[in-house]
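*Asks:* Enclosed is the structure file data_16.txt (compact mmCIF, C-alpha atoms).
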```
# COMPACT_ATOMS: atom_id res chain seq x y z
CA LEU I 1 5.27 33.62 -33.46
CA PHE I 2 1.50 33.23 -33.60
CA GLY I 3 0.30 36.37 -35.35
CA LEU I 4 1.46 39.55 -37.03
CA LEU I 5 2.01 41.15 -33.63
CA GLY I 6 4.12 38.19 -32.58
CA TYR I 7 6.27 38.46 -35.70
CA GLY I 8 6.80 42.18 -35.09
CA VAL I 9 7.76 41.76 -31.44
CA LEU I 10 10.15 38.93 -32.29
CA ALA I 11 11.83 41.02 -35.02
CA MET I 12 12.24 43.96 -32.63
CA LEU I 13 13.77 41.75 -29.93
CA LEU I 14 16.24 40.24 -32.39
CA ALA I 15 17.24 43.69 -33.64
CA VAL I 16 17.77 45.01 -30.09
CA LEU I 17 19.74 41.91 -29.15
CA TYR I 18 21.97 42.31 -32.22
CA PHE I 19 22.89 45.89 -31.35
CA LEU I 20 23.46 45.00 -27.70
CA VAL I 21 25.93 42.21 -28.43
CA ASP I 22 27.56 43.84 -31.45
CA SER I 23 30.29 45.38 -29.32
CA LEU I 24 31.07 42.15 -27.43
CA PRO I 25 33.91 39.77 -28.36
CA PRO I 26 32.95 36.79 -30.57
CA VAL I 27 33.30 34.38 -27.63
CA TRP I 28 30.68 36.29 -25.66
CA ARG I 29 28.37 36.40 -28.67
CA TRP I 30 28.50 32.62 -29.06
CA GLY I 31 28.05 32.27 -25.30
CA LEU I 32 24.77 34.17 -25.57
CA ALA I 33 23.57 32.79 -28.89
CA VAL I 34 24.00 29.04 -28.28
CA PRO I 35 22.09 28.82 -24.95
CA SER I 36 19.37 31.12 -26.32
CA ALA I 37 18.94 28.99 -29.44
CA ALA I 38 18.92 25.80 -27.36
CA LEU I 39 16.24 27.16 -25.02
CA PHE I 40 14.19 28.33 -28.02
CA VAL I 41 14.30 24.90 -29.69
CA VAL I 42 13.54 23.07 -26.44
CA GLY I 43 10.64 25.44 -25.77
CA LEU I 44 9.11 24.83 -29.20
CA THR I 45 9.30 21.08 -28.85
CA ARG I 46 7.86 20.87 -25.33
CA GLN I 47 4.21 19.88 -25.36
CA ARG I 48 3.29 22.43 -22.69
CA VAL I 49 4.05 25.24 -25.12
CA THR I 50 0.90 24.17 -26.96
CA ALA I 51 -0.96 26.33 -24.43
CA LEU I 52 0.48 29.33 -26.28
CA LEU I 53 -1.53 28.37 -29.34
CA ASN I 54 -4.71 28.93 -27.32
CA ALA I 55 -3.41 31.81 -25.20
CA THR I 56 -2.45 33.86 -28.28
CA SER I 57 -5.69 33.19 -30.18
CA LEU I 58 -8.99 35.06 -29.76
CA HIS I 59 -10.46 32.21 -27.72
CA ALA I 60 -9.96 33.86 -24.31
CA PHE I 61 -11.49 37.15 -25.48
CA TYR I 62 -14.46 35.36 -27.04
CA ARG I 63 -14.93 33.13 -23.97
CA ASP I 64 -14.96 36.11 -21.61
CA ARG I 65 -17.54 37.98 -23.66
CA LEU I 66 -19.84 34.95 -23.89
CA ARG I 67 -19.69 34.06 -20.22
CA ASP I 68 -20.20 37.70 -19.19
CA CYS I 69 -23.44 37.59 -21.15
CA TYR I 70 -24.74 34.06 -20.58
CA VAL I 71 -23.06 32.36 -17.59
CA GLN I 72 -24.79 33.15 -14.30
CA SER I 73 -24.97 31.39 -10.96
CA GLU I 74 -27.53 32.10 -8.28
CA GLN I 75 -26.16 32.04 -4.74
CA PRO I 76 -28.20 32.43 -1.53
CA ALA I 77 -27.60 36.16 -1.19
CA THR I 78 -26.13 37.29 -4.50
CA LEU I 79 -26.16 36.76 -8.24
CA LEU I 80 -22.80 35.90 -9.76
CA ALA I 81 -22.10 36.40 -13.44
CA GLY I 82 -19.27 36.13 -15.93
CA ARG I 83 -15.90 34.98 -14.63
CA ASP I 84 -17.15 34.75 -11.03
CA ALA I 85 -19.92 32.39 -12.09
CA ASP I 86 -17.83 30.26 -14.45
CA LEU I 87 -16.98 26.79 -13.22
CA PRO I 88 -14.96 23.80 -14.45
CA LEU I 89 -16.93 21.79 -16.96
CA ARG I 90 -16.46 18.66 -14.85
CA CYS I 91 -18.37 20.37 -12.00
CA LEU I 92 -21.44 21.18 -14.08
CA GLN I 93 -23.46 18.29 -12.64
CA GLN I 94 -22.37 18.62 -9.00
CA LEU I 95 -25.77 19.74 -7.74
CA GLN I 96 -27.84 16.68 -6.90
CA ARG I 97 -31.27 15.85 -5.64
CA LEU I 98 -31.76 14.13 -2.30
CA ASN I 99 -31.91 10.75 -4.03
CA GLY I 100 -28.47 11.32 -5.58
CA THR I 101 -29.57 11.98 -9.16
CA ALA I 102 -28.32 15.05 -11.01
CA LEU I 103 -30.31 18.25 -10.60
CA GLY I 104 -31.27 19.43 -14.06
CA PRO I 105 -30.56 18.05 -17.54
CA TYR I 106 -27.28 16.49 -18.62
CA HIS I 107 -25.76 19.03 -20.99
CA LEU I 108 -24.13 17.93 -24.25
CA LEU I 109 -22.04 20.63 -25.92
CA GLY I 110 -21.28 19.86 -29.55
CA THR I 111 -18.07 20.90 -31.27
CA ALA I 112 -16.35 19.84 -34.49
CA LEU I 113 -13.16 17.77 -34.48
CA ASN I 114 -11.29 18.94 -37.58
CA MET I 115 -9.71 16.19 -39.67
CA THR I 116 -8.87 18.16 -42.81
CA GLY I 117 -5.31 16.82 -42.80
CA SER I 118 -6.22 13.18 -42.27
CA THR I 119 -4.85 10.50 -44.58
CA ASP I 120 -7.71 8.12 -43.80
CA VAL I 121 -10.09 8.01 -46.76
CA ARG I 122 -13.01 7.45 -44.39
CA GLU I 123 -12.42 10.89 -42.88
CA LEU I 124 -12.01 12.84 -46.12
CA ASP I 125 -15.73 13.28 -46.86
CA ARG I 126 -16.93 15.67 -44.17
CA LYS I 127 -13.36 16.30 -42.92
CA ALA I 128 -14.68 16.54 -39.37
CA ASP I 129 -16.38 14.54 -36.66
CA ALA I 130 -18.75 15.41 -33.83
CA PHE I 131 -16.71 16.01 -30.67
CA LEU I 132 -18.66 15.94 -27.42
CA LEU I 133 -17.96 18.09 -24.36
CA SER I 134 -19.88 17.19 -21.21
CA ALA I 135 -19.48 17.10 -17.44
CA LEU I 136 -18.36 13.47 -17.41
CA TYR I 137 -16.72 12.70 -20.74
CA ALA I 138 -15.17 14.41 -23.74
CA GLY I 139 -14.38 12.84 -27.09
CA SER I 140 -15.65 11.48 -30.39
CA SER I 141 -15.96 8.22 -32.28
CA ALA I 142 -12.71 9.05 -34.10
CA THR I 143 -10.64 9.66 -30.96
CA GLY I 144 -12.42 7.70 -28.26
CA TYR I 145 -13.44 9.31 -24.99
CA ALA I 146 -11.67 10.52 -21.86
CA ALA I 147 -12.94 11.72 -18.50
CA THR I 148 -13.57 15.46 -18.51
CA SER I 149 -11.59 15.68 -15.26
CA ARG I 150 -8.52 15.12 -17.47
CA TYR I 151 -9.09 18.58 -18.95
CA PRO I 152 -8.72 21.16 -16.17
CA GLU I 153 -8.51 23.94 -18.78
CA LEU I 154 -12.11 23.31 -19.84
CA SER I 155 -14.63 25.50 -18.08
CA LEU I 156 -18.27 25.99 -18.97
CA GLY I 157 -17.35 29.29 -20.60
CA SER I 158 -14.54 27.68 -22.61
CA ALA I 159 -16.79 24.87 -23.82
CA LEU I 160 -19.42 27.43 -24.82
CA ALA I 161 -16.83 29.45 -26.75
CA ILE I 162 -15.42 26.38 -28.53
CA SER I 163 -18.92 25.25 -29.50
CA GLY I 164 -19.51 28.64 -31.14
CA SER I 165 -16.09 29.27 -32.69
CA ALA I 166 -17.34 29.63 -36.26
CA PHE I 167 -14.55 32.05 -37.24
CA SER I 168 -11.73 29.53 -37.48
CA PRO I 169 -9.00 28.63 -40.01
CA ASN I 170 -10.11 24.99 -39.99
CA GLN I 171 -13.83 24.60 -40.70
CA GLY I 172 -14.38 20.95 -41.54
CA SER I 173 -15.47 20.41 -45.14
CA ALA I 174 -15.65 24.20 -45.65
CA THR I 175 -11.91 24.62 -44.99
CA ASN I 176 -10.16 26.72 -47.62
CA THR I 177 -6.36 26.71 -47.54
CA SER I 178 -5.92 30.27 -48.80
CA LEU I 179 -8.44 31.60 -46.30
CA ALA I 180 -6.89 29.50 -43.50
CA ILE I 181 -3.45 31.03 -44.17
CA LEU I 182 -4.87 34.56 -44.16
CA MET I 183 -6.92 34.04 -41.00
CA THR I 184 -3.98 32.50 -39.14
CA LEU I 185 -1.54 35.27 -40.08
CA LEU I 186 -4.11 37.85 -38.98
CA ASN I 187 -4.64 35.81 -35.80
CA ALA I 188 -8.36 35.50 -36.56
CA ARG I 189 -8.45 32.21 -34.66
CA LEU I 190 -11.33 31.16 -32.43
CA GLY I 191 -10.63 27.41 -32.54
CA PHE I 192 -9.11 25.50 -29.64
CA TRP I 193 -6.28 22.96 -29.35
CA LEU I 194 -7.04 20.15 -26.91
CA ALA I 195 -5.25 16.99 -25.87
CA ASN I 196 -6.41 13.99 -27.89
CA PRO I 197 -8.41 11.58 -25.68
CA LYS I 198 -6.16 8.86 -27.09
CA SER I 199 -3.20 10.50 -25.34
CA PHE I 200 -4.60 9.35 -21.98
CA SER I 201 -4.58 5.70 -23.04
CA GLY I 202 -1.68 3.27 -22.87
CA GLU I 203 1.67 4.17 -24.38
CA ALA I 204 1.16 1.83 -27.32
CA ALA I 205 -2.07 3.58 -28.33
CA LYS I 206 -0.87 7.16 -27.82
CA PRO I 207 -0.59 9.30 -30.97
CA PRO I 208 2.92 10.51 -31.86
CA ARG I 209 4.06 13.75 -30.23
CA THR I 210 3.94 16.77 -32.54
CA PRO I 211 5.92 19.96 -31.78
CA PRO I 212 3.57 22.89 -31.13
CA LEU I 213 5.10 24.91 -33.97
CA PHE I 214 4.09 22.13 -36.40
CA LEU I 215 0.57 22.28 -34.96
CA TYR I 216 0.50 25.99 -35.73
CA TRP I 217 1.48 25.23 -39.32
CA LYS I 218 -1.26 22.62 -39.51
CA GLU I 219 -3.76 25.20 -38.33
CA MET I 220 -2.43 27.68 -40.89
CA PHE I 221 -2.63 25.32 -43.86
CA GLY I 222 -5.85 23.57 -42.80
CA LYS I 223 -4.21 20.23 -42.05
CA ALA I 224 -5.51 19.40 -38.57
CA SER I 225 -5.80 15.68 -37.84
CA SER I 226 -7.35 13.32 -35.34
CA GLN I 227 -4.11 11.31 -35.28
CA ASP I 228 -2.00 13.92 -33.48
CA ARG I 229 -1.40 14.18 -29.74
CA GLN I 230 -3.28 17.50 -29.91
CA ILE I 231 -6.54 17.95 -31.84
CA TYR I 232 -8.21 21.08 -33.19
CA LEU I 233 -11.81 21.86 -32.20
CA SER I 234 -14.07 24.46 -33.76
CA ASP I 235 -17.76 25.38 -34.06
CA GLY I 236 -20.04 22.34 -33.91
CA GLY I 237 -21.77 23.74 -36.99
CA HIS I 238 -18.71 22.82 -39.04
CA PHE I 239 -20.00 19.26 -38.71
CA ASP I 240 -23.68 19.55 -37.75
CA ASN I 241 -25.31 22.94 -37.31
CA SER I 242 -28.61 21.53 -36.02
CA GLY I 243 -27.11 20.49 -32.68
CA ILE I 244 -29.06 17.23 -32.55
CA TYR I 245 -26.38 14.84 -33.82
CA GLU I 246 -25.52 13.47 -30.36
CA LEU I 247 -29.23 12.98 -29.60
CA VAL I 248 -29.76 11.06 -32.83
CA ARG I 249 -26.73 8.92 -32.08
CA ARG I 250 -28.21 8.14 -28.66
CA ARG I 251 -31.45 7.14 -30.45
CA CYS I 252 -33.63 9.43 -28.36
CA LYS I 253 -37.29 8.67 -28.92
CA TYR I 254 -38.33 12.33 -28.94
CA ILE I 255 -36.14 15.24 -30.01
CA ILE I 256 -37.21 18.89 -29.89
CA ALA I 257 -34.96 21.08 -32.04
CA ILE I 258 -35.15 24.87 -31.99
CA ASP I 259 -33.37 26.59 -34.86
CA GLY I 260 -32.64 30.26 -34.26
CA SER I 261 -29.80 30.64 -36.74
CA GLY I 262 -31.73 32.53 -39.43
CA GLU I 263 -34.93 33.06 -41.34
CA PRO I 264 -36.78 29.87 -42.35
CA SER I 265 -36.18 28.70 -45.88
CA PRO I 266 -37.86 26.01 -47.99
CA LYS I 267 -34.37 24.86 -48.95
CA ASP I 268 -32.97 24.62 -45.43
CA VAL I 269 -30.03 22.19 -45.40
CA ARG I 270 -29.24 22.23 -41.69
CA PHE I 271 -31.10 19.00 -41.02
CA GLY I 272 -29.87 17.43 -44.24
CA THR I 273 -26.25 17.26 -43.12
CA ILE I 274 -26.70 15.42 -39.85
```
Would you put the structure from the file into structure tokens?

*Replies:*
Amino acid sequence: LFGLLGYGVLAMLLAVLYFLVDSLPPVWRWGLAVPSAALFVVGLTRQRVTALLNATSLHAFYRDRLRDCYVQSEQPATLLAGRDADLPLRCLQQLQRLNGTALGPYHLLGTALNMTGSTDVRELDRKADAFLLSALYAGSSATGYAATSRYPELSLGSALAISGSAFSPNQGSATNTSLAILMTLLNARLGFWLANPKSFSGEAAKPPRTPPLFLYWKEMFGKASSQDRQIYLSDGGHFDNSGIYELVRRRCKYIIAIDGSGEPSPKDVRFGTI
């Protein structure tokens, strides 16, 4: 369902099933077809199936490669790396000093909340918003915030991969529908579907439930929205490639920015799109 390989496997299964039941009486055929169709429809409309959108993308492959290279944890007698060193994002600040304060800086990982399919005119300019991932909270001004403990699927490696998922069908203001369709069909998808922080609020404020298959179509046609129960995150550079947006919003007195994305240019626009 979620890539060319998925379409091929599904076609093969349907062909095999047709030849297997071709010799059965019509009553048996209907007895097999109706329950199978019912289970298929129920499966597509259940929110948990949304995990397939992430499981069948390139996110897991990209996450594993990044954490194998960059995620390390020093233990008393050994050095752990990669998957063994990865930890839930909510546990990133567990180490504390004797006085109870966090040991080390408070990390802010910037991603882009894609709103290319929004009907709100205020969101149609940059077509994205800064979405924060941290040890305590995750969210944006467009969706509100929720405790990171609500997202057990988010590890440090996952957050790192989402923050760097530049190769994505939805790319904020740079989204191109034709390119989004091509990338989705080829399963060139590094973006990540995550529960909207609004979905953890009261029932009256929860966004409407959207079947996962519709979310896949939204990803394909570049129509992700902040108003759905599930939101689409991609590279933070699709909103602000400098990485200092959250620091500016916090009105930090001093900000040190290191740009290693390319050769310096007198017409650098990275800091002009904050």

*Asks:* What is the distance between CA of Lys127 (chain I) and CA of Ala166 (chain I), in Å to one decimal?

*Replies:*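 Rounded to one decimal, the two atoms are 15.4 Å apart.
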
*Asks:* As JSON, numbers by chain, please: the residues near His107 (chain I) (cut-off 9 Å, all atoms listed in the file, same-chain neighbours under 2 positions excluded).

*Replies:* {"I": [92, 93, 104, 105, 109, 133, 134, 135]}

*Asks:* Between CA of Ala51 (chain I) and CA of Pro211 (chain I), what is the spacing in Å?

*Replies:*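 Interatomic distance here is 11.9 Å.
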
*Asks:* Can you pull out the residues contacting region 230-247 of chain I? Cut-off 7 Å, using only C-alpha atoms, and skip same-chain residues under 5 positions away; I want them as a ChimeraX atom specification.

*Replies:* /I:110-114,128-130,162-166,168,171-172,191-196,224-225,252,270-271,273-274

*Asks:* Between CA of Leu186 (chain I) and CA of Ala55 (chain I), measure the distance and give it in Å to one decimal.

*Replies:*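 Answer for the CA of Leu186 (chain I) to CA of Ala55 (chain I) separation: 15.1 Å.
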
*Asks:* Name the residues in contact with region 212-221 of chain I at a cut-off of 6 Å, using only C-alpha atoms, excluding same-chain residues fewer than 3 positions from it; report them as a list in words.

*Replies:*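 So, after excluding close chain neighbours, the residues are Thr50, Thr177, Ala180, Ile181, Thr184 and Ala224 of chain I.
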
*Asks:* Could you take the residues named above and write them with C-alpha atoms, as a PDB file, keeping the file's coordinate frame?

*Replies:*
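Okay, this is what ended up in out-v2.pdb:
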```pdb
ATOM      1  CA  THR I  50       0.900  24.170 -26.960  1.00  0.00           C
ATOM      2  CA  THR I 177      -6.360  26.710 -47.540  1.00  0.00           C
ATOM      3  CA  ALA I 180      -6.890  29.500 -43.500  1.00  0.00           C
ATOM      4  CA  ILE I 181      -3.450  31.030 -44.170  1.00  0.00           C
ATOM      5  CA  THR I 184      -3.980  32.500 -39.140  1.00  0.00           C
ATOM      6  CA  ALA I 224      -5.510  19.400 -38.570  1.00  0.00           C
TER       7      ALA I 224
END
```

*Asks:* Pick from I:Ala142, I:Ala159, I:Ala188, I:Gln227: nearest to Thr210 (chain I), with all atoms listed in the file counted?

*Replies:*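 With all atoms listed in the file as the atom set, the closest residue is I:Gln227.
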
*Asks:* Hey, which of I:Ile255, I:Cys69, I:Val248, I:Met183 ends up closest to Ser57 (chain I)? Count only C-alpha atoms.

*Replies:*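 Nearest candidate to Ser57 (chain I) out of I:Ile255, I:Cys69, I:Val248, I:Met183: I:Met183.
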
*Asks:* Generate the coordinates of all heavy atoms for region 124-135 of chain I; report them as a short mmCIF file (atom, residue, chain, number, x, y, z; two decimals), in the coordinates of the input.

*Replies:*
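Below is the file that was written, part-v2.cif:
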```
data_model
loop_
_atom_site.label_atom_id
_atom_site.label_comp_id
_atom_site.auth_asym_id
_atom_site.auth_seq_id
_atom_site.Cartn_x
_atom_site.Cartn_y
_atom_site.Cartn_z
N LEU I 124 -12.22 11.78 -45.14
CA LEU I 124 -12.01 12.84 -46.12
C LEU I 124 -13.31 13.36 -46.73
O LEU I 124 -13.27 14.23 -47.58
CB LEU I 124 -11.07 12.34 -47.23
CG LEU I 124 -9.65 12.01 -46.78
CD1 LEU I 124 -8.81 11.56 -47.97
CD2 LEU I 124 -9.00 13.22 -46.11
N ASP I 125 -14.45 12.82 -46.33
CA ASP I 125 -15.73 13.28 -46.86
C ASP I 125 -16.15 14.58 -46.18
O ASP I 125 -16.11 15.65 -46.77
CB ASP I 125 -16.78 12.20 -46.69
CG ASP I 125 -18.12 12.61 -47.29
OD1 ASP I 125 -18.13 13.56 -48.09
OD2 ASP I 125 -19.14 11.98 -46.95
N ARG I 126 -16.51 14.48 -44.91
CA ARG I 126 -16.93 15.67 -44.17
C ARG I 126 -15.75 16.37 -43.50
O ARG I 126 -15.88 17.50 -43.02
CB ARG I 126 -17.97 15.29 -43.11
CG ARG I 126 -19.22 14.68 -43.74
CD ARG I 126 -20.25 14.30 -42.71
NE ARG I 126 -20.88 15.45 -42.08
CZ ARG I 126 -21.97 15.38 -41.33
NH1 ARG I 126 -22.56 14.22 -41.15
NH2 ARG I 126 -22.48 16.46 -40.79
N LYS I 127 -14.61 15.72 -43.45
CA LYS I 127 -13.36 16.30 -42.92
C LYS I 127 -13.51 16.77 -41.48
O LYS I 127 -12.80 17.66 -41.03
CB LYS I 127 -12.88 17.44 -43.82
CG LYS I 127 -12.58 17.02 -45.24
CD LYS I 127 -12.09 18.18 -46.07
CE LYS I 127 -11.81 17.74 -47.50
NZ LYS I 127 -11.34 18.86 -48.35
N ALA I 128 -14.46 16.19 -40.78
CA ALA I 128 -14.68 16.54 -39.37
C ALA I 128 -15.50 15.44 -38.73
O ALA I 128 -16.04 14.57 -39.40
CB ALA I 128 -15.41 17.89 -39.25
N ASP I 129 -15.56 15.49 -37.41
CA ASP I 129 -16.38 14.54 -36.66
C ASP I 129 -16.99 15.28 -35.48
O ASP I 129 -16.45 16.30 -35.02
CB ASP I 129 -15.52 13.37 -36.17
CG ASP I 129 -16.38 12.23 -35.59
OD1 ASP I 129 -17.57 12.18 -35.92
OD2 ASP I 129 -15.85 11.42 -34.80
N ALA I 130 -18.11 14.80 -35.00
CA ALA I 130 -18.75 15.41 -33.83
C ALA I 130 -17.92 15.12 -32.60
O ALA I 130 -17.65 13.96 -32.29
CB ALA I 130 -20.16 14.88 -33.67
N PHE I 131 -17.50 16.16 -31.89
CA PHE I 131 -16.71 16.01 -30.67
C PHE I 131 -17.54 16.52 -29.50
O PHE I 131 -17.96 17.67 -29.47
CB PHE I 131 -15.40 16.79 -30.76
CG PHE I 131 -14.40 16.44 -29.69
CD1 PHE I 131 -13.44 15.46 -29.92
CD2 PHE I 131 -14.42 17.07 -28.45
CE1 PHE I 131 -12.51 15.13 -28.95
CE2 PHE I 131 -13.50 16.75 -27.47
CZ PHE I 131 -12.55 15.76 -27.72
N LEU I 132 -17.78 15.64 -28.54
CA LEU I 132 -18.66 15.94 -27.42
C LEU I 132 -17.88 16.52 -26.23
O LEU I 132 -16.81 16.03 -25.88
CB LEU I 132 -19.37 14.66 -26.97
CG LEU I 132 -20.16 14.72 -25.66
CD1 LEU I 132 -21.39 15.59 -25.83
CD2 LEU I 132 -20.54 13.32 -25.20
N LEU I 133 -18.46 17.55 -25.63
CA LEU I 133 -17.96 18.09 -24.36
C LEU I 133 -19.10 17.99 -23.35
O LEU I 133 -20.19 18.49 -23.59
CB LEU I 133 -17.51 19.55 -24.50
CG LEU I 133 -16.36 19.83 -25.46
CD1 LEU I 133 -16.09 21.33 -25.54
CD2 LEU I 133 -15.10 19.09 -25.04
N SER I 134 -18.85 17.33 -22.23
CA SER I 134 -19.88 17.19 -21.21
C SER I 134 -19.21 17.16 -19.84
O SER I 134 -17.98 17.18 -19.73
CB SER I 134 -20.70 15.92 -21.43
OG SER I 134 -19.91 14.76 -21.19
N ALA I 135 -20.02 17.07 -18.81
CA ALA I 135 -19.48 17.10 -17.44
C ALA I 135 -18.69 15.84 -17.11
O ALA I 135 -17.78 15.88 -16.27
CB ALA I 135 -20.62 17.28 -16.44
#
```
